[in-house]
$ cat upload-v4.tsv   # TSV, C-alpha atoms and all ligand atoms
chain	number	residue	atom	x	y	z
A	1	MET	CA	-12.92	52.69	-26.02
A	2	LYS	CA	-9.30	51.68	-25.47
A	3	LEU	CA	-8.12	51.94	-21.87
A	4	GLY	CA	-4.63	51.86	-20.38
A	5	LEU	CA	-3.98	50.30	-16.98
A	6	ILE	CA	-1.24	51.11	-14.48
A	7	GLY	CA	-0.80	48.41	-11.81
A	8	GLY	CA	-1.17	44.67	-12.18
A	9	GLY	CA	-2.09	43.85	-8.57
A	10	ASN	CA	-5.37	43.14	-6.94
A	11	ILE	CA	-7.58	45.79	-8.55
A	12	GLY	CA	-5.66	45.71	-11.85
A	13	GLN	CA	-6.16	41.96	-12.25
A	14	PHE	CA	-9.83	42.23	-11.33
A	15	LEU	CA	-10.26	44.86	-14.08
A	16	LEU	CA	-8.40	42.77	-16.67
A	17	GLN	CA	-10.62	39.82	-15.83
A	18	SER	CA	-13.86	41.86	-15.88
A	19	VAL	CA	-13.22	44.17	-18.84
A	20	ASN	CA	-11.20	41.92	-21.16
A	21	GLY	CA	-11.89	38.42	-19.84
A	22	LYS	CA	-15.64	38.75	-19.30
A	23	GLN	CA	-16.21	41.74	-21.67
A	24	MET	CA	-18.41	43.40	-19.06
A	25	ILE	CA	-18.31	46.88	-20.66
A	26	PRO	CA	-19.57	47.06	-24.26
A	27	ASN	CA	-17.06	48.50	-26.76
A	28	THR	CA	-14.37	48.88	-24.11
A	29	THR	CA	-11.08	46.99	-23.70
A	30	ILE	CA	-7.90	47.42	-21.73
A	31	SER	CA	-5.44	47.54	-24.62
A	32	GLY	CA	-2.23	48.49	-22.80
A	33	MET	CA	-0.81	48.10	-19.33
A	34	PHE	CA	2.22	48.98	-17.26
A	35	SER	CA	3.20	47.52	-13.91
A	36	ARG	CA	6.36	47.50	-11.83
A	37	ASN	CA	6.97	43.76	-11.85
A	38	GLN	CA	7.52	43.22	-15.55
A	39	LYS	CA	7.42	39.44	-15.31
A	40	THR	CA	3.91	39.47	-13.81
A	41	ALA	CA	2.85	42.22	-16.19
A	42	GLN	CA	3.96	40.24	-19.24
A	43	ARG	CA	2.12	37.15	-17.98
A	44	LEU	CA	-1.08	39.17	-17.50
A	45	ALA	CA	-0.62	40.86	-20.87
A	46	ASP	CA	-0.38	37.45	-22.54
A	47	VAL	CA	-3.47	36.08	-20.76
A	48	TYR	CA	-5.67	39.13	-21.45
A	49	GLN	CA	-4.23	40.11	-24.85
A	50	VAL	CA	-2.91	43.46	-23.75
A	51	ILE	CA	0.23	45.29	-24.87
A	52	ASN	CA	2.74	45.29	-22.02
A	53	HIS	CA	4.45	48.69	-21.82
A	54	GLU	CA	7.80	49.04	-20.09
A	55	SER	CA	7.16	52.54	-18.76
A	56	ILE	CA	4.36	54.98	-17.99
A	57	GLU	CA	5.73	57.26	-20.74
A	58	SER	CA	5.20	54.48	-23.27
A	59	ILE	CA	1.57	53.93	-22.27
A	60	ILE	CA	0.99	57.70	-22.40
A	61	GLN	CA	2.32	57.79	-25.97
A	62	SER	CA	0.05	54.92	-27.03
A	63	ASP	CA	-3.44	55.31	-28.50
A	64	VAL	CA	-5.40	54.64	-25.27
A	65	GLU	CA	-8.07	57.24	-24.58
A	66	ALA	CA	-8.07	57.03	-20.79
A	67	ILE	CA	-5.82	55.52	-18.13
A	68	VAL	CA	-6.92	53.61	-15.03
A	69	GLU	CA	-4.51	53.82	-12.10
A	70	ALA	CA	-4.49	50.81	-9.74
A	71	ALA	CA	-1.01	51.15	-8.26
A	72	THR	CA	-0.02	53.52	-5.43
A	73	VAL	CA	-0.44	57.08	-4.17
A	74	GLN	CA	3.18	57.70	-5.19
A	75	VAL	CA	2.50	56.63	-8.79
A	76	VAL	CA	-0.34	59.16	-8.96
A	77	GLU	CA	1.91	61.89	-7.56
A	78	GLN	CA	4.57	61.08	-10.15
A	79	SER	CA	2.50	60.57	-13.27
A	80	ALA	CA	-0.98	62.15	-13.06
A	81	ALA	CA	0.09	65.56	-14.38
A	82	GLN	CA	1.82	64.04	-17.42
A	83	ILE	CA	-1.16	61.75	-18.20
A	84	LEU	CA	-3.72	64.56	-18.02
A	85	ALA	CA	-1.52	66.95	-20.02
A	86	SER	CA	-1.32	64.30	-22.76
A	87	GLY	CA	-5.09	64.60	-23.30
A	88	LYS	CA	-6.06	61.35	-21.59
A	89	ASP	CA	-8.62	61.11	-18.81
A	90	LEU	CA	-7.59	59.45	-15.58
A	91	ILE	CA	-9.52	57.06	-13.31
A	92	LEU	CA	-7.86	56.81	-9.90
A	93	SER	CA	-7.85	54.07	-7.28
A	94	SER	CA	-5.20	55.74	-5.11
A	95	VAL	CA	-7.34	58.80	-4.45
A	96	GLY	CA	-5.24	59.58	-1.36
A	97	ALA	CA	-2.85	61.47	-3.64
A	98	LEU	CA	-5.44	64.25	-3.91
A	99	ALA	CA	-5.27	65.00	-0.16
A	100	ASP	CA	-2.62	67.61	-0.94
A	101	SER	CA	-4.52	70.73	-1.95
A	102	HIS	CA	-1.63	72.15	-4.02
A	103	PHE	CA	-1.45	68.93	-6.03
A	104	TYR	CA	-5.24	68.85	-6.37
A	105	ASN	CA	-5.30	72.41	-7.72
A	106	GLU	CA	-2.37	71.75	-10.05
A	107	LEU	CA	-4.17	68.76	-11.57
A	108	MET	CA	-7.39	70.74	-11.91
A	109	SER	CA	-5.55	73.48	-13.85
A	110	ILE	CA	-4.02	70.85	-16.14
A	111	CYS	CA	-7.48	69.34	-16.74
A	112	GLN	CA	-8.93	72.76	-17.57
A	113	ALA	CA	-6.08	73.57	-19.97
A	114	ASN	CA	-6.30	70.20	-21.76
A	115	GLY	CA	-10.01	69.35	-21.59
A	116	THR	CA	-9.30	66.20	-19.57
A	117	LYS	CA	-11.10	64.74	-16.56
A	118	ILE	CA	-10.26	62.85	-13.40
A	119	HIS	CA	-12.78	60.22	-12.26
A	120	LEU	CA	-12.73	59.24	-8.59
A	121	PRO	CA	-14.52	55.97	-7.78
A	122	SER	CA	-16.24	55.75	-4.40
A	123	GLY	CA	-13.78	53.01	-3.40
A	124	ALA	CA	-14.46	50.88	-0.36
A	125	VAL	CA	-17.09	53.25	1.09
A	126	GLY	CA	-20.44	54.84	0.25
A	127	GLY	CA	-22.53	57.82	1.30
A	128	LEU	CA	-20.68	60.29	-0.94
A	129	ASP	CA	-23.98	61.41	-2.50
A	130	ILE	CA	-25.29	62.35	0.94
A	131	LEU	CA	-22.14	64.29	1.86
A	132	LYS	CA	-22.13	66.17	-1.46
A	133	ALA	CA	-25.79	67.12	-1.07
A	134	ALA	CA	-25.33	68.05	2.57
A	135	LYS	CA	-22.41	70.37	1.82
A	136	SER	CA	-23.96	71.96	-1.29
A	137	ASN	CA	-25.07	75.03	0.63
A	138	GLY	CA	-22.33	74.89	3.27
A	139	GLU	CA	-24.41	73.29	6.01
A	140	LEU	CA	-22.45	70.06	6.52
A	141	GLU	CA	-20.93	70.32	10.00
A	142	ALA	CA	-18.85	67.22	10.78
A	143	VAL	CA	-17.63	64.02	9.11
A	144	SER	CA	-15.71	61.16	10.69
A	145	ILE	CA	-14.72	57.61	9.73
A	146	THR	CA	-13.64	54.71	11.92
A	147	THR	CA	-11.86	51.99	9.96
A	148	THR	CA	-11.35	48.56	11.55
A	149	LYS	CA	-9.15	45.95	9.89
A	150	PRO	CA	-7.37	42.78	10.96
A	151	PRO	CA	-3.67	43.40	11.80
A	152	HIS	CA	-2.39	41.64	8.66
A	153	ALA	CA	-4.30	44.17	6.54
A	154	LEU	CA	-2.53	47.13	8.17
A	155	GLU	CA	1.06	48.36	8.42
A	156	ASN	CA	2.85	48.08	11.78
A	157	ALA	CA	-0.19	46.93	13.73
A	158	PRO	CA	0.02	44.83	16.92
A	159	LYS	CA	-0.78	41.19	16.13
A	160	ASP	CA	-2.56	40.03	19.30
A	161	VAL	CA	-4.51	42.92	20.81
A	162	ARG	CA	-7.23	45.26	19.63
A	163	ALA	CA	-5.71	48.74	19.41
A	164	VAL	CA	-6.47	52.19	18.08
A	165	ILE	CA	-3.39	52.74	15.91
A	166	PHE	CA	-4.31	56.18	14.59
A	167	GLU	CA	-6.54	59.06	15.56
A	168	GLY	CA	-6.41	62.41	13.78
A	169	SER	CA	-7.18	64.15	10.49
A	170	ALA	CA	-7.57	62.41	7.12
A	171	SER	CA	-4.70	64.55	5.92
A	172	GLU	CA	-2.33	62.97	8.52
A	173	ALA	CA	-3.86	59.49	8.16
A	174	ILE	CA	-3.12	59.14	4.45
A	175	LYS	CA	0.51	60.21	4.97
A	176	LEU	CA	1.00	57.40	7.51
A	177	TYR	CA	-1.25	54.75	5.90
A	178	PRO	CA	-1.29	55.37	2.13
A	179	LYS	CA	-2.35	51.77	1.43
A	180	ASN	CA	-5.12	51.63	4.02
A	181	ILE	CA	-7.07	54.82	4.27
A	182	ASN	CA	-7.76	56.18	0.77
A	183	VAL	CA	-11.40	55.96	1.88
A	184	SER	CA	-10.89	58.92	4.21
A	185	ILE	CA	-9.76	61.08	1.29
A	186	ILE	CA	-12.72	60.29	-0.96
A	187	LEU	CA	-14.96	61.17	2.00
A	188	SER	CA	-12.97	64.38	2.50
A	189	LEU	CA	-13.29	65.36	-1.14
A	190	ALA	CA	-17.05	64.79	-1.03
A	191	GLY	CA	-17.40	66.53	2.32
A	192	LEU	CA	-15.31	68.86	4.45
A	193	GLY	CA	-11.76	68.36	3.15
A	194	PRO	CA	-8.83	66.32	4.55
A	195	GLU	CA	-8.03	68.69	7.43
A	196	LYS	CA	-11.57	68.65	8.82
A	197	THR	CA	-12.39	64.96	8.35
A	198	ASN	CA	-11.68	62.92	11.47
A	199	VAL	CA	-10.20	59.43	11.21
A	200	LYS	CA	-9.75	56.57	13.65
A	201	ILE	CA	-7.99	53.35	12.57
A	202	ILE	CA	-8.44	50.24	14.70
A	203	SER	CA	-6.46	47.03	14.38
A	204	ASP	CA	-8.51	44.08	15.64
A	205	PRO	CA	-7.25	40.48	15.52
A	206	ASP	CA	-10.82	39.19	16.03
A	207	VAL	CA	-12.25	40.66	12.79
A	208	LYS	CA	-12.05	39.15	9.32
A	209	LYS	CA	-13.59	42.02	7.33
A	210	ASN	CA	-12.52	45.59	6.60
A	211	SER	CA	-15.22	47.75	8.12
A	212	HIS	CA	-15.75	51.48	7.76
A	213	ALA	CA	-18.16	53.35	10.04
A	214	ILE	CA	-19.03	56.82	8.74
A	215	ASP	CA	-20.71	59.44	10.87
A	216	ALA	CA	-21.76	62.87	9.61
A	217	PHE	CA	-24.17	65.57	10.64
A	218	GLY	CA	-25.40	68.97	9.54
A	219	ALA	CA	-28.59	70.83	8.66
A	220	PHE	CA	-29.77	67.78	6.68
A	221	GLY	CA	-29.81	65.55	9.77
A	222	ARG	CA	-27.44	62.71	10.61
A	223	LEU	CA	-25.74	60.01	8.56
A	224	THR	CA	-24.48	56.81	10.12
A	225	LEU	CA	-23.26	54.16	7.73
A	226	THR	CA	-21.27	51.02	8.44
A	227	ILE	CA	-19.85	48.89	5.65
A	228	GLU	CA	-18.44	45.44	6.35
A	229	ASN	CA	-16.31	44.69	3.35
A	230	ASP	CA	-15.00	41.30	2.34
A	231	PRO	CA	-11.30	41.66	1.55
A	232	MET	CA	-9.87	40.61	-1.81
A	233	PRO	CA	-8.22	37.19	-1.45
A	234	SER	CA	-4.97	38.36	-3.07
A	235	ASN	CA	-4.55	41.53	-0.98
A	236	PRO	CA	-6.33	41.68	2.41
A	237	LYS	CA	-5.61	45.43	2.67
A	238	THR	CA	-8.07	46.05	-0.16
A	239	SER	CA	-11.80	45.44	0.01
A	240	TYR	CA	-13.60	43.80	-2.91
A	241	LEU	CA	-15.96	46.80	-3.05
A	242	ALA	CA	-13.01	49.06	-3.98
A	243	ALA	CA	-12.38	47.01	-7.13
A	244	LEU	CA	-16.11	46.91	-7.94
A	245	SER	CA	-16.31	50.68	-7.61
A	246	VAL	CA	-13.60	51.17	-10.26
A	247	LEU	CA	-15.47	48.84	-12.61
A	248	ALA	CA	-18.70	50.76	-11.93
A	249	THR	CA	-16.97	54.07	-12.68
A	250	LEU	CA	-15.71	52.69	-16.00
A	251	LYS	CA	-19.20	51.45	-16.83
A	252	ASN	CA	-20.90	54.75	-15.98
A	253	LYS	CA	-18.39	57.33	-17.06
A	254	ASP	CA	-19.93	58.11	-20.44
A	255	GLU	CA	-23.57	57.28	-19.64
A	256	TRP	CA	-26.20	59.62	-21.10
A	257	ILE	CA	-28.40	59.25	-18.05
A	258	ARG	CA	-26.53	59.29	-14.78
A	259	VAL	CA	-27.71	58.30	-11.35
A	260	GLY	CA	-26.37	60.34	-8.40
A	301	LIG	N1	-10.12	54.25	-2.97
A	301	LIG	C1	-10.25	53.22	-2.14
A	301	LIG	O1	-11.25	53.10	-1.41
A	301	LIG	C2	-9.21	52.18	-2.14
A	301	LIG	C3	-8.00	52.38	-2.74
A	301	LIG	N2	-7.05	51.43	-2.75
A	301	LIG	C4	-5.78	51.74	-3.37
A	301	LIG	O2	-5.79	51.29	-4.72
A	301	LIG	C5	-4.45	51.01	-5.14
A	301	LIG	C6	-4.38	49.61	-5.79
A	301	LIG	O3	-4.81	48.64	-4.85
A	301	LIG	P1	-4.46	47.10	-5.03
A	301	LIG	O4	-4.65	46.71	-6.43
A	301	LIG	O5	-5.18	46.38	-3.97
A	301	LIG	O6	-2.90	47.11	-4.70
A	301	LIG	P2	-1.83	45.94	-5.01
A	301	LIG	O7	-0.72	46.20	-4.05
A	301	LIG	O8	-2.47	44.62	-5.03
A	301	LIG	O9	-1.36	46.28	-6.49
A	301	LIG	C7	-0.61	47.42	-6.80
A	301	LIG	C8	0.06	47.18	-8.14
A	301	LIG	O10	0.77	48.38	-8.50
A	301	LIG	C9	2.09	48.02	-8.89
A	301	LIG	N3	3.02	49.12	-8.62
A	301	LIG	C10	3.56	49.51	-7.45
A	301	LIG	N4	4.39	50.56	-7.64
A	301	LIG	C11	4.38	50.79	-8.98
A	301	LIG	C12	5.06	51.70	-9.80
A	301	LIG	N5	5.92	52.60	-9.29
A	301	LIG	N6	4.83	51.68	-11.13
A	301	LIG	C13	3.96	50.77	-11.66
A	301	LIG	N7	3.29	49.88	-10.93
A	301	LIG	C14	3.51	49.89	-9.60
A	301	LIG	C15	2.42	46.81	-8.03
A	301	LIG	O11	3.50	46.13	-8.61
A	301	LIG	P3	4.42	45.08	-7.79
A	301	LIG	O12	3.76	43.76	-8.06
A	301	LIG	O13	5.77	45.23	-8.36
A	301	LIG	O14	4.34	45.49	-6.32
A	301	LIG	C16	1.11	46.05	-8.10
A	301	LIG	O15	0.99	45.33	-9.30
A	301	LIG	C17	-3.58	51.13	-3.87
A	301	LIG	O16	-2.97	52.40	-3.80
A	301	LIG	C18	-4.60	51.00	-2.75
A	301	LIG	O17	-4.16	51.61	-1.56
A	301	LIG	C19	-7.30	50.21	-2.18
A	301	LIG	C20	-8.48	49.97	-1.55
A	301	LIG	C21	-9.51	50.95	-1.41
A	302	LIG	O1	-10.14	48.65	0.96
A	302	LIG	C1	-10.42	49.22	2.01
A	302	LIG	O2	-11.25	48.77	2.83
A	302	LIG	C2	-9.84	50.55	2.33
A	302	LIG	C3	-8.48	50.81	1.86
A	302	LIG	O3	-7.66	49.93	1.76
A	302	LIG	C4	-8.13	52.19	1.53
A	302	LIG	O4	-9.00	53.07	1.67
A	302	LIG	O5	-6.99	52.46	1.12
$ encode --input "upload-v4.tsv" --output "structure tokens"
Amino acid sequence: MKLGLIGGGNIGQFLLQSVNGKQMIPNTTISGMFSRNQKTAQRLADVYQVINHESIESIIQSDVEAIVEAATVQVVEQSAAQILASGKDLILSSVGALADSHFYNELMSICQANGTKIHLPSGAVGGLDILKAAKSNGELEAVSITTTKPPHALENAPKDVRAVIFEGSASEAIKLYPKNINVSIILSLAGLGPEKTNVKIISDPDVKKNSHAIDAFGAFGRLTLTIENDPMPSNPKTSYLAALSVLATLKNKDEWIRVG
């Protein structure tokens, strides 16, 4: 399968290295890419033998079967509809874009009309299987996430003191921290939705990892799950697990036997 890639940053480079460099997915290559910084994109395209496209439109018109987004929430807002309408599936890293229910429904209608699919990797968290099962008959009652990161991995965080920098709904959190709290939206989509998922973001100068503590309860019982993620060296905002989860989604997307 030929894939297109949007974004040549942290996750994008990890995918180029894993899929093209190490050939980790049989019969699959990233054959085209587009990224904002054309100099970096061309360098990556040369290293990994990928066609460097100068626009998203150009990659859409190419022969790739599916497109992996590893850029920003804004890029998803601007280009997802066009990609799905062109008949190509979409694998999203910036899942925060789907917090807006109008946008979510618009994309779903486009998928239905064109026979295309959106794949949402679990990102830097887990437990989505439990939330989906727990809500399957409407008996999931509450979901919350507390994210703790070092100040340099957050926007506008105090450098020297531990501080709660946000407390509120996932819907509000992703508007203020689109590069930090996509995890709250994947949890929302698996569970109770962005308005009813509670988020706390803590900036802590004494931590080195990005940790996410998930708490949920309902008729099934109680879920408590804490993940201590190592950050990617090239972008401390992003956990390594987020990149791995995109690779796992690409590996599993057309499996005949699926787990979970
Ligand atoms: N679902 C989850 O759990 C997680 C999601 N994420 C999200 O995944 C996305 C990718 O993360 P990561 O790779 O670490 O981010 P990076 O910032 O390392 O890379 C983003 C890349 O996208 C490019 N880009 C930015 N704007 C545009 C644009 N308008 N058109 C084309 N390319 C653009 C950047 O280019 P340039 O070099 O010019 O800036 C850069 O190459 C982010 O939105 C991040 O918030 C991250 C972690 C967890
Ligand atoms: O990588 C992480 O730990 C979480 C993150 O940035 C996000 O959800 O946007």
$ residues_near_point --input "upload-v4.tsv" --point "(-11.9, 64.5, 9.5)" --cutoff "8 Å" --atoms "all atoms listed in the file" --output "NGL selection string"
:A and (142-145 or 168-170 or 184 or 188 or 192-199)
$ residues_around --input "upload-v4.tsv" --residues "Pro158 (chain A)" --least-positions-apart "5" --cutoff "12 Å" --atoms "all atoms listed in the file" --output "list of chain:residue names"
A:Lys149, A:Pro150, A:Pro151, A:His152, A:Ala153, A:Ala163, A:Val164, A:Ile165, A:Ile202, A:Ser203, A:Asp204, A:Pro205
$ atom_distance --input "upload-v4.tsv" --atom1 "CA of Asn182 (chain A)" --atom2 "CA of Asp206 (chain A)"
23.0 Å
$ residues_around --input "upload-v4.tsv" --residues "Leu16 (chain A)" --least-positions-apart "2" --cutoff "10 Å" --atoms "only C-alpha atoms" --output "number ranges by chain"
A: 5, 8, 11-14, 18-23, 29-31, 33, 44-45, 47-50
$ closest_residue --input "upload-v4.tsv" --among "A:Leu3, A:Lys132, A:Asp215, A:Pro233" --to "Leu15 (chain A)" --atoms "all atoms listed in the file"
A:Leu3
$ closest_atom_pairs --input "upload-v4.tsv" --of "chain A" --to "ligand LIG 302 (chain A)" --cutoff "8 Å" --atoms "only C-alpha atoms and all ligand atoms" --output "tab-separated table"
residue	atom	partner	partner_atom	distance
A:Ser94	CA	A:LIG302	O5	7.3
A:Gly96	CA	A:LIG302	O5	7.7
A:Gly123	CA	A:LIG302	O4	7.0
A:Ala124	CA	A:LIG302	C1	5.0
A:Val125	CA	A:LIG302	O2	7.6
A:Thr147	CA	A:LIG302	O2	7.8
A:Lys149	CA	A:LIG302	O2	7.9
A:Tyr177	CA	A:LIG302	O5	7.8
A:Pro178	CA	A:LIG302	O5	6.5
A:Lys179	CA	A:LIG302	O5	4.7
A:Asn180	CA	A:LIG302	O5	3.5
A:Ile181	CA	A:LIG302	O4	3.7
A:Asn182	CA	A:LIG302	O4	3.5
A:Val183	CA	A:LIG302	O4	3.8
A:Ser184	CA	A:LIG302	O4	6.7
A:Asn210	CA	A:LIG302	O2	5.1
A:Ser211	CA	A:LIG302	O2	6.7
A:His212	CA	A:LIG302	O2	7.2
A:Asn229	CA	A:LIG302	O2	6.5
A:Pro231	CA	A:LIG302	O1	7.1
A:Lys237	CA	A:LIG302	O3	5.0
A:Thr238	CA	A:LIG302	O1	3.5
A:Ser239	CA	A:LIG302	O1	3.7
A:Tyr240	CA	A:LIG302	O1	7.1
A:Leu241	CA	A:LIG302	O1	7.3
A:Ala242	CA	A:LIG302	O1	5.7
$ closest_residue --input "upload-v4.tsv" --among "A:Gly4, A:Leu250, A:Ala216, A:Gln61" --to "Phe34 (chain A)" --atoms "all atoms listed in the file"
A:Gly4
$ residues_around --input "upload-v4.tsv" --residues "Gly7 (chain A)" --least-positions-apart "6" --cutoff "6 Å" --atoms "only C-alpha atoms" --output "count of residues only"
3
$ closest_residue --input "upload-v4.tsv" --among "A:Asp254, A:Glu65, A:Glu155, A:Glu141" --to "Arg222 (chain A)" --atoms "all atoms listed in the file"
A:Glu141
$ atom_distance --input "upload-v4.tsv" --atom1 "CA of Glu54 (chain A)" --atom2 "CA of Ile91 (chain A)"
20.3 Å
$ atom_distance --input "upload-v4.tsv" --atom1 "atom O1 of ligand LIG 301 (chain A)" --atom2 "CA of Leu120 (chain A)"
9.6 Å
$ closest_residue --input "upload-v4.tsv" --among "A:Lys135, A:Lys88, A:Lys208, A:Lys175" --to "ligand LIG 301 (chain A)" --atoms "all atoms listed in the file"
A:Lys175
$ closest_residue --input "upload-v4.tsv" --among "A:Asp100, A:Asp129, A:Glu167, A:Glu57" --to "Ser79 (chain A)" --atoms "all atoms listed in the file"
A:Glu57
